[in-house]
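For reference, upload-v7.txt is printed below; it contains compact mmCIF, C-alpha atoms and all ligand atoms.
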```
# COMPACT_ATOMS: atom_id res chain seq x y z
CA MET Y 1339 0.00 0.00 0.00
CA PRO Y 1340 1.37 3.48 -0.82
CA SER Y 1341 2.41 5.54 2.19
CA ILE Y 1342 0.56 8.58 3.53
CA ALA Y 1343 3.50 10.72 2.38
CA SER Y 1344 3.36 9.39 -1.17
CA ASN Y 1345 -0.42 9.79 -1.31
CA LEU Y 1346 -0.11 13.40 -0.15
CA ALA Y 1347 2.64 14.10 -2.68
CA ARG Y 1348 0.61 12.63 -5.53
CA ILE Y 1349 -2.52 14.58 -4.60
CA GLU Y 1350 -0.63 17.86 -4.08
CA GLN Y 1351 1.00 17.40 -7.46
CA GLY Y 1352 -2.42 17.41 -9.10
CA LEU Y 1353 -3.55 20.60 -7.36
CA ARG Y 1354 -3.05 24.14 -8.56
CA LYS Y 1355 -1.78 26.63 -6.03
CA GLU Y 1356 -5.26 28.19 -5.78
CA THR Y 1357 -6.63 24.88 -4.48
CA ARG Y 1358 -5.54 23.89 -0.98
CA LEU Y 1359 -5.75 20.42 0.44
CA VAL Y 1360 -7.61 19.75 3.69
CA ALA Y 1361 -6.51 16.32 4.91
CA VAL Y 1362 -9.65 14.72 6.36
CA THR Y 1363 -8.42 12.91 9.44
CA LYS Y 1364 -11.71 11.86 11.07
CA THR Y 1365 -11.57 8.44 12.75
CA LYS Y 1366 -7.79 8.23 12.16
CA PRO Y 1367 -5.44 7.83 15.14
CA ALA Y 1368 -3.06 10.66 16.07
CA SER Y 1369 -0.09 8.60 14.87
CA LEU Y 1370 -1.39 8.72 11.31
CA LEU Y 1371 -2.04 12.46 11.60
CA MET Y 1372 1.60 12.83 12.66
CA GLU Y 1373 2.69 10.95 9.57
CA ALA Y 1374 0.73 13.40 7.44
CA TYR Y 1375 2.12 16.31 9.46
CA GLU Y 1376 5.68 15.14 8.93
CA ALA Y 1377 4.96 14.91 5.22
CA GLY Y 1378 3.97 18.60 5.31
CA ALA Y 1379 0.18 18.59 5.80
CA ARG Y 1380 -1.07 21.45 8.02
CA LEU Y 1381 -4.80 21.71 7.26
CA PHE Y 1382 -6.72 18.92 8.97
CA GLY Y 1383 -10.47 18.34 8.74
CA GLU Y 1384 -12.53 16.62 11.41
CA ASN Y 1385 -16.28 16.01 11.65
CA LYS Y 1386 -16.72 15.50 15.41
CA VAL Y 1387 -15.93 18.20 17.94
CA GLN Y 1388 -14.71 15.94 20.76
CA GLU Y 1389 -12.39 14.05 18.46
CA MET Y 1390 -10.97 17.27 17.06
CA VAL Y 1391 -10.37 18.69 20.54
CA GLY Y 1392 -8.49 15.58 21.63
CA LYS Y 1393 -6.26 15.66 18.59
CA TYR Y 1394 -5.72 19.42 18.90
CA GLU Y 1395 -4.44 18.92 22.43
CA GLU Y 1396 -2.12 16.12 21.42
CA LEU Y 1397 -0.65 17.41 18.16
CA PRO Y 1398 1.59 20.33 17.08
CA LYS Y 1399 0.07 23.76 17.46
CA ASP Y 1400 0.70 24.97 13.91
CA ILE Y 1401 -1.99 22.64 12.57
CA GLN Y 1402 -5.07 24.45 11.27
CA TRP Y 1403 -8.19 22.59 12.34
CA HIS Y 1404 -11.19 22.64 10.00
CA MET Y 1405 -14.61 21.51 11.21
CA ILE Y 1406 -16.32 19.83 8.25
CA GLY Y 1407 -19.14 17.91 9.93
CA HIS Y 1408 -22.64 18.73 11.09
CA LEU Y 1409 -22.47 20.74 14.31
CA GLN Y 1410 -24.66 20.83 17.36
CA THR Y 1411 -24.80 24.24 19.01
CA ASN Y 1412 -23.92 22.81 22.44
CA LYS Y 1413 -20.55 21.58 21.12
CA VAL Y 1414 -19.38 24.87 19.64
CA LYS Y 1415 -17.79 26.09 22.87
CA TYR Y 1416 -15.23 23.28 22.92
CA MET Y 1417 -13.71 24.14 19.55
CA ALA Y 1418 -14.13 27.93 19.67
CA PRO Y 1419 -10.67 28.55 21.20
CA PHE Y 1420 -8.79 27.09 18.24
CA VAL Y 1421 -10.88 26.12 15.21
CA SER Y 1422 -9.53 27.71 12.05
CA LEU Y 1423 -12.48 27.34 9.67
CA VAL Y 1424 -15.98 25.95 10.10
CA HIS Y 1425 -17.14 24.52 6.75
CA SER Y 1426 -20.54 23.35 7.87
CA VAL Y 1427 -22.68 26.28 9.02
CA ASP Y 1428 -26.24 25.35 8.10
CA SER Y 1429 -28.38 27.70 10.19
CA PHE Y 1430 -28.45 31.25 11.49
CA ARG Y 1431 -28.84 29.84 14.99
CA LEU Y 1432 -25.54 27.98 14.66
CA LEU Y 1433 -23.82 31.08 13.32
CA LYS Y 1434 -25.06 33.05 16.35
CA GLU Y 1435 -23.70 30.41 18.68
CA ILE Y 1436 -20.29 30.45 16.96
CA ASP Y 1437 -20.27 34.23 17.27
CA LYS Y 1438 -21.08 34.06 20.98
CA GLU Y 1439 -18.32 31.55 21.71
CA ALA Y 1440 -15.83 33.37 19.48
CA LYS Y 1441 -16.48 36.54 21.50
CA LYS Y 1442 -15.72 34.73 24.74
CA ASN Y 1443 -12.38 33.73 23.23
CA SER Y 1444 -11.71 37.21 21.76
CA ARG Y 1445 -11.54 35.67 18.32
CA ILE Y 1446 -13.15 36.09 14.94
CA ILE Y 1447 -14.08 32.68 13.56
CA ASP Y 1448 -14.22 32.18 9.80
CA CYS Y 1449 -17.18 30.17 8.54
CA LEU Y 1450 -18.51 28.74 5.30
CA LEU Y 1451 -22.19 28.27 4.62
CA GLN Y 1452 -22.92 24.68 3.67
CA ILE Y 1453 -25.19 24.52 0.64
CA HIS Y 1454 -27.21 21.44 -0.22
CA ILE Y 1455 -26.30 20.55 -3.80
CA ALA Y 1456 -26.70 16.75 -3.87
CA ARG Y 1457 -29.70 14.74 -5.01
CA GLU Y 1458 -29.81 12.82 -1.73
CA GLU Y 1459 -32.14 14.12 0.92
CA THR Y 1460 -29.85 13.05 3.73
CA LYS Y 1461 -27.05 15.54 3.31
CA PHE Y 1462 -27.16 18.64 5.47
CA GLY Y 1463 -27.11 22.11 4.10
CA LEU Y 1464 -28.97 25.25 3.20
CA SER Y 1465 -30.79 26.02 -0.03
CA GLU Y 1466 -29.38 28.92 -2.03
CA GLU Y 1467 -32.35 31.02 -0.87
CA GLU Y 1468 -31.73 30.24 2.79
CA ALA Y 1469 -28.04 31.09 2.42
CA LEU Y 1470 -28.94 34.36 0.73
CA ALA Y 1471 -31.30 35.18 3.59
CA ILE Y 1472 -28.40 34.74 6.03
CA ILE Y 1473 -25.89 36.88 4.14
CA THR Y 1474 -28.41 39.66 3.60
CA SER Y 1475 -29.89 39.53 7.10
CA PRO Y 1476 -29.81 42.84 9.00
CA GLU Y 1477 -29.05 40.75 12.11
CA LEU Y 1478 -25.69 39.69 10.70
CA ALA Y 1479 -24.06 43.05 11.46
CA ALA Y 1480 -24.40 42.32 15.19
CA LEU Y 1481 -22.38 39.13 14.86
CA THR Y 1482 -19.02 40.84 14.93
CA ASN Y 1483 -17.02 37.74 15.85
CA VAL Y 1484 -17.83 35.64 12.80
CA ARG Y 1485 -17.06 36.12 9.14
CA ILE Y 1486 -18.69 34.23 6.30
CA VAL Y 1487 -15.78 33.63 3.94
CA GLY Y 1488 -17.37 31.34 1.39
CA LEU Y 1489 -19.44 28.25 0.67
CA MET Y 1490 -19.16 24.48 1.03
CA GLY Y 1491 -21.00 21.69 -0.73
CA MET Y 1492 -21.00 17.93 -1.18
CA ALA Y 1493 -21.93 16.43 -4.53
CA SER Y 1494 -24.20 13.43 -4.98
CA ASN Y 1495 -22.76 10.01 -4.29
CA THR Y 1496 -22.88 8.80 -7.90
CA ASP Y 1497 -20.58 7.25 -10.47
CA ASP Y 1498 -21.72 9.79 -13.06
CA PRO Y 1499 -19.04 12.50 -13.20
CA GLU Y 1500 -21.29 14.79 -15.22
CA VAL Y 1501 -23.87 14.90 -12.43
CA VAL Y 1502 -21.11 15.76 -9.97
CA ARG Y 1503 -19.67 18.38 -12.30
CA ALA Y 1504 -23.07 20.03 -12.79
CA GLU Y 1505 -23.60 20.23 -9.03
CA PHE Y 1506 -20.17 21.79 -8.46
CA ARG Y 1507 -20.77 24.22 -11.32
CA GLY Y 1508 -24.06 25.23 -9.77
CA LEU Y 1509 -22.36 25.92 -6.45
CA LYS Y 1510 -19.63 27.96 -8.16
CA ASN Y 1511 -22.37 30.04 -9.83
CA THR Y 1512 -24.01 30.67 -6.45
CA PHE Y 1513 -20.60 31.61 -5.04
CA GLU Y 1514 -20.03 34.12 -7.86
CA SER Y 1515 -23.52 35.59 -7.56
CA PHE Y 1516 -23.08 36.06 -3.78
CA LYS Y 1517 -20.08 38.32 -4.46
CA SER Y 1518 -22.51 41.17 -4.99
CA TYR Y 1519 -23.49 40.92 -1.29
CA GLU Y 1520 -19.98 41.24 0.10
CA SER Y 1521 -19.57 43.35 3.24
CA GLN Y 1522 -17.38 43.57 6.34
CA GLN Y 1523 -18.58 40.14 7.31
CA VAL Y 1524 -19.31 38.45 4.02
CA MET Y 1525 -16.61 37.66 1.50
CA MET Y 1526 -16.69 34.98 -1.13
CA ARG Y 1527 -13.08 33.77 -0.95
CA GLU Y 1528 -13.25 30.07 -0.24
CA LEU Y 1529 -15.20 27.43 -2.10
CA SER Y 1530 -14.95 24.09 -0.31
CA MET Y 1531 -15.90 21.27 -2.65
CA GLY Y 1532 -14.38 17.95 -3.66
CA MET Y 1533 -13.51 14.76 -1.78
CA SER Y 1534 -11.37 11.71 -2.63
CA GLY Y 1535 -13.55 10.62 -5.52
CA ASP Y 1536 -14.26 13.98 -7.10
CA TYR Y 1537 -11.66 16.54 -6.04
CA LEU Y 1538 -10.16 16.88 -9.54
CA ILE Y 1539 -13.57 17.67 -10.99
CA ALA Y 1540 -14.14 20.11 -8.12
CA GLN Y 1541 -10.84 21.81 -8.85
CA GLU Y 1542 -11.76 22.18 -12.51
CA GLU Y 1543 -15.00 23.81 -11.40
CA GLY Y 1544 -13.27 26.34 -9.17
CA SER Y 1545 -12.80 24.79 -5.75
CA THR Y 1546 -10.30 26.52 -3.42
CA LEU Y 1547 -10.40 23.85 -0.68
CA VAL Y 1548 -10.65 20.12 -1.33
CA ARG Y 1549 -11.45 17.81 1.59
CA VAL Y 1550 -9.67 14.52 1.02
CA GLY Y 1551 -9.63 11.59 3.44
CA SER Y 1552 -9.53 8.05 2.06
CA ALA Y 1553 -7.21 8.90 -0.86
CA ILE Y 1554 -4.62 9.89 1.77
CA PHE Y 1555 -5.24 7.51 4.63
CA GLY Y 1556 -6.92 4.55 2.94
CA SER Y 1557 -10.51 3.61 3.53
CA ARG Y 1558 -10.13 1.44 6.62
C1 LIG L 1 -15.38 12.26 5.30
C2 LIG L 1 -15.59 13.56 4.61
C3 LIG L 1 -14.78 13.95 3.54
C4 LIG L 1 -13.67 13.08 2.97
O1 LIG L 1 -14.20 11.99 2.30
P1 LIG L 1 -13.25 10.98 1.48
O2 LIG L 1 -14.16 10.38 0.49
O3 LIG L 1 -12.71 10.02 2.48
O4 LIG L 1 -12.18 11.80 0.85
C5 LIG L 1 -15.00 15.20 2.99
N1 LIG L 1 -15.97 16.01 3.44
C6 LIG L 1 -16.77 15.68 4.46
C7 LIG L 1 -17.82 16.63 4.91
C8 LIG L 1 -16.61 14.44 5.08
O5 LIG L 1 -17.42 14.10 6.09
```

Output the structure of this file as structure tokens.
Ligand SMILES: *Cc1c(COP(=O)(O)O)cnc(C)c1O
Amino acid sequence: MPSIASNLARIEQGLRKETRLVAVTKTKPASLLMEAYEAGARLFGENKVQEMVGKYEELPKDIQWHMIGHLQTNKVKYMAPFVSLVHSVDSFRLLKEIDKEAKKNSRIIDCLLQIHIAREETKFGLSEEEALAIITSPELAALTNVRIVGLMGMASNTDDPEVVRAEFRGLKNTFESFKSYESQQVMMRELSMGMSGDYLIAQEEGSTLVRVGSAIFGSR
């Protein structure tokens, strides 16, 4: 089996400099994260708060921790001291909670709005209209400790690359159209789309952050 270092090198080689790699480390032991770290990885993505906190405490402090999973408001406080980017904001209520906990830590926490682009009903996320309602809400100005810096989406779980491409293209169009609502707190800089099976398509469609797990660490 190829090593973590060789997987990372191969993936990085296929990425343009505008597209950064988030190594998705969920369920992996700290020893494997260290292997990735030693090979140069610094952006790590986790989907459970407790697991991310444990690894944050154990691992080098120059790692940037990205929360990519569905979040419960009561867990936000545990990651607020250190989280670097929250990819998975799917309600105004959650954004308010992140703002509150960011304030307590004297931080500004960068967030992405997660947009539902897949065919499956099960995946979390906002509709384009709901996301627009958040970025244009007069209430947003009061949330001075969060910034919305872009969008995230997950494509359908399908073998048809053209379906996936169309979904990514749709999200990129939303991202571009939201640029007309930019403000102090809203800036369309980061577009998080693409996983192990579809990150090259995502890159072609304009992704700036790809979230790759199994292609680095294997699927077991
Ligand atoms: C697990 C996960 C990934 C990575 O998936 P792989 O197919 O292992 O690359 C990306 N994004 C999210 C939100 C995930 O939960």

Could you pull the residues within 8 Å of Val1414 in chain Y, counting all atoms listed in the file, minus those fewer than 4 positions along the same chain, as a list in words?
Val1387, Leu1409, Gln1410, Ala1418, Glu1435, Ile1436 and Glu1439 of chain Y

Taking all atoms of ligand LIG 1 (chain L) that the file lists and extending 8 Å past them on each side, where is the centre of the axis-aligned box and how long are its edges? Answer in Å to one decimal, as JSON.
```
{"center_x": -15.0, "center_y": 13.3, "center_z": 3.3, "size_x": 21.6, "size_y": 22.6, "size_z": 21.6}
```

Output the neighbourhood of ligand LIG 1 (chain L) as a ChimeraX atom specification, that is, all protein and nucleic acid residues with some atom at most 8 Å from the ligand, counting only C-alpha atoms and all ligand atoms.
/Y:1362,1364,1383-1385,1406-1407,1426,1492,1532-1535,1548-1554,1556-1557

Given all atoms listed in the file as the basis, pick out the residue of Y:Pro1367, Y:Pro1398, Y:Gly1508, Y:Gly1488 nearest to Ala1379 in chain Y.
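Under the stated criterion, the closest residue is Y:Pro1398.
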
Each range 1490-1535 of chain Y residue no farther than 6 Å from range 1452-1462 of chain Y, nearest pair in Å, only C-alpha atoms, as a tab-separated table:
```
residue	atom	partner	partner_atom	distance
Y:Met1490	CA	Y:Gln1452	CA	4.6
Y:Gly1491	CA	Y:Ile1453	CA	5.2
Y:Ala1493	CA	Y:Ala1456	CA	4.8
Y:Ser1494	CA	Y:Ala1456	CA	4.3
Y:Glu1505	CA	Y:Ile1455	CA	5.9
```

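The closest residue to Phe1506 in chain Y, picked from Y:Tyr1519, Y:Phe1430, Y:Tyr1394, Y:Leu1489 and counting only C-alpha atoms, is Y:Leu1489.
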
When distances are computed from all atoms listed in the file, which of Y:Met1417, Y:Thr1474, Y:Lys1393, Y:Ala1377 shows the smallest separation from Arg1348 in chain Y?
Y:Ala1377

Minimum-distance residue to Leu1529 in chain Y, chosen among Y:Met1405, Y:Leu1547, Y:Ala1440, Y:Val1427 (using all atoms listed in the file)
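That would be Y:Leu1547, the residue with the smallest distance to Leu1529 in chain Y.
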
Quick one, how far is CA of Ile1539 in chain Y from CA of Thr1357 in chain Y?
11.9 Å

Atoms added to range 1405-1433 of chain Y (N, CA and C atoms), reported as a PDB file, keeping the file's coordinate frame:
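Written output follows (result_10.pdb):
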```pdb
ATOM      1  N   MET Y1405     -13.432  22.310  10.855  1.00  0.00           N
ATOM      2  CA  MET Y1405     -14.610  21.510  11.210  1.00  0.00           C
ATOM      3  C   MET Y1405     -15.444  21.330   9.933  1.00  0.00           C
ATOM      4  N   ILE Y1406     -15.614  20.085   9.519  1.00  0.00           N
ATOM      5  CA  ILE Y1406     -16.320  19.830   8.250  1.00  0.00           C
ATOM      6  C   ILE Y1406     -17.641  19.102   8.454  1.00  0.00           C
ATOM      7  N   GLY Y1407     -17.947  18.717   9.698  1.00  0.00           N
ATOM      8  CA  GLY Y1407     -19.140  17.910   9.930  1.00  0.00           C
ATOM      9  C   GLY Y1407     -20.295  18.709  10.520  1.00  0.00           C
ATOM     10  N   HIS Y1408     -21.448  18.092  10.526  1.00  0.00           N
ATOM     11  CA  HIS Y1408     -22.640  18.730  11.090  1.00  0.00           C
ATOM     12  C   HIS Y1408     -22.410  19.049  12.569  1.00  0.00           C
ATOM     13  N   LEU Y1409     -22.781  20.252  12.972  1.00  0.00           N
ATOM     14  CA  LEU Y1409     -22.470  20.740  14.310  1.00  0.00           C
ATOM     15  C   LEU Y1409     -23.710  20.932  15.150  1.00  0.00           C
ATOM     16  N   GLN Y1410     -23.611  20.501  16.403  1.00  0.00           N
ATOM     17  CA  GLN Y1410     -24.660  20.830  17.360  1.00  0.00           C
ATOM     18  C   GLN Y1410     -24.219  22.074  18.116  1.00  0.00           C
ATOM     19  N   THR Y1411     -25.164  22.967  18.388  1.00  0.00           N
ATOM     20  CA  THR Y1411     -24.800  24.240  19.010  1.00  0.00           C
ATOM     21  C   THR Y1411     -24.115  24.029  20.368  1.00  0.00           C
ATOM     22  N   ASN Y1412     -24.517  22.997  21.103  1.00  0.00           N
ATOM     23  CA  ASN Y1412     -23.920  22.810  22.440  1.00  0.00           C
ATOM     24  C   ASN Y1412     -22.463  22.345  22.414  1.00  0.00           C
ATOM     25  N   LYS Y1413     -21.941  22.023  21.236  1.00  0.00           N
ATOM     26  CA  LYS Y1413     -20.550  21.580  21.120  1.00  0.00           C
ATOM     27  C   LYS Y1413     -19.611  22.710  20.685  1.00  0.00           C
ATOM     28  N   VAL Y1414     -20.190  23.805  20.244  1.00  0.00           N
ATOM     29  CA  VAL Y1414     -19.380  24.870  19.640  1.00  0.00           C
ATOM     30  C   VAL Y1414     -18.327  25.392  20.610  1.00  0.00           C
ATOM     31  N   LYS Y1415     -18.701  25.482  21.891  1.00  0.00           N
ATOM     32  CA  LYS Y1415     -17.790  26.090  22.870  1.00  0.00           C
ATOM     33  C   LYS Y1415     -16.450  25.354  22.996  1.00  0.00           C
ATOM     34  N   TYR Y1416     -16.469  24.049  22.744  1.00  0.00           N
ATOM     35  CA  TYR Y1416     -15.230  23.280  22.920  1.00  0.00           C
ATOM     36  C   TYR Y1416     -14.203  23.558  21.827  1.00  0.00           C
ATOM     37  N   MET Y1417     -14.668  23.917  20.653  1.00  0.00           N
ATOM     38  CA  MET Y1417     -13.710  24.140  19.550  1.00  0.00           C
ATOM     39  C   MET Y1417     -13.424  25.620  19.326  1.00  0.00           C
ATOM     40  N   ALA Y1418     -14.259  26.488  19.940  1.00  0.00           N
ATOM     41  CA  ALA Y1418     -14.130  27.930  19.670  1.00  0.00           C
ATOM     42  C   ALA Y1418     -12.733  28.498  19.963  1.00  0.00           C
ATOM     43  N   PRO Y1419     -11.981  27.966  20.934  1.00  0.00           N
ATOM     44  CA  PRO Y1419     -10.670  28.550  21.200  1.00  0.00           C
ATOM     45  C   PRO Y1419      -9.657  28.369  20.070  1.00  0.00           C
ATOM     46  N   PHE Y1420      -9.868  27.386  19.184  1.00  0.00           N
ATOM     47  CA  PHE Y1420      -8.790  27.090  18.240  1.00  0.00           C
ATOM     48  C   PHE Y1420      -9.215  26.812  16.808  1.00  0.00           C
ATOM     49  N   VAL Y1421     -10.495  26.547  16.569  1.00  0.00           N
ATOM     50  CA  VAL Y1421     -10.880  26.120  15.210  1.00  0.00           C
ATOM     51  C   VAL Y1421     -10.506  27.195  14.180  1.00  0.00           C
ATOM     52  N   SER Y1422     -10.024  26.758  13.052  1.00  0.00           N
ATOM     53  CA  SER Y1422      -9.530  27.710  12.050  1.00  0.00           C
ATOM     54  C   SER Y1422     -10.592  28.065  11.018  1.00  0.00           C
ATOM     55  N   LEU Y1423     -11.395  27.082  10.617  1.00  0.00           N
ATOM     56  CA  LEU Y1423     -12.480  27.340   9.670  1.00  0.00           C
ATOM     57  C   LEU Y1423     -13.584  26.324   9.897  1.00  0.00           C
ATOM     58  N   VAL Y1424     -14.821  26.824   9.981  1.00  0.00           N
ATOM     59  CA  VAL Y1424     -15.980  25.950  10.100  1.00  0.00           C
ATOM     60  C   VAL Y1424     -16.631  25.864   8.718  1.00  0.00           C
ATOM     61  N   HIS Y1425     -16.608  24.675   8.110  1.00  0.00           N
ATOM     62  CA  HIS Y1425     -17.140  24.520   6.750  1.00  0.00           C
ATOM     63  C   HIS Y1425     -18.643  24.313   6.724  1.00  0.00           C
ATOM     64  N   SER Y1426     -19.236  23.993   7.863  1.00  0.00           N
ATOM     65  CA  SER Y1426     -20.540  23.350   7.870  1.00  0.00           C
ATOM     66  C   SER Y1426     -21.619  24.156   8.594  1.00  0.00           C
ATOM     67  N   VAL Y1427     -21.635  25.469   8.393  1.00  0.00           N
ATOM     68  CA  VAL Y1427     -22.680  26.280   9.020  1.00  0.00           C
ATOM     69  C   VAL Y1427     -23.957  26.127   8.192  1.00  0.00           C
ATOM     70  N   ASP Y1428     -25.010  25.616   8.845  1.00  0.00           N
ATOM     71  CA  ASP Y1428     -26.240  25.350   8.100  1.00  0.00           C
ATOM     72  C   ASP Y1428     -27.467  25.987   8.754  1.00  0.00           C
ATOM     73  N   SER Y1429     -27.249  26.946   9.657  1.00  0.00           N
ATOM     74  CA  SER Y1429     -28.380  27.700  10.190  1.00  0.00           C
ATOM     75  C   SER Y1429     -27.886  29.015  10.799  1.00  0.00           C
ATOM     76  N   PHE Y1430     -28.782  29.969  10.877  1.00  0.00           N
ATOM     77  CA  PHE Y1430     -28.450  31.250  11.490  1.00  0.00           C
ATOM     78  C   PHE Y1430     -28.214  31.059  12.991  1.00  0.00           C
ATOM     79  N   ARG Y1431     -28.981  30.138  13.564  1.00  0.00           N
ATOM     80  CA  ARG Y1431     -28.840  29.840  14.990  1.00  0.00           C
ATOM     81  C   ARG Y1431     -27.423  29.355  15.311  1.00  0.00           C
ATOM     82  N   LEU Y1432     -26.891  28.494  14.457  1.00  0.00           N
ATOM     83  CA  LEU Y1432     -25.540  27.980  14.660  1.00  0.00           C
ATOM     84  C   LEU Y1432     -24.509  29.109  14.500  1.00  0.00           C
ATOM     85  N   LEU Y1433     -24.726  29.958  13.522  1.00  0.00           N
ATOM     86  CA  LEU Y1433     -23.820  31.080  13.320  1.00  0.00           C
ATOM     87  C   LEU Y1433     -23.790  31.998  14.549  1.00  0.00           C
TER      88      LEU Y1433
END
```
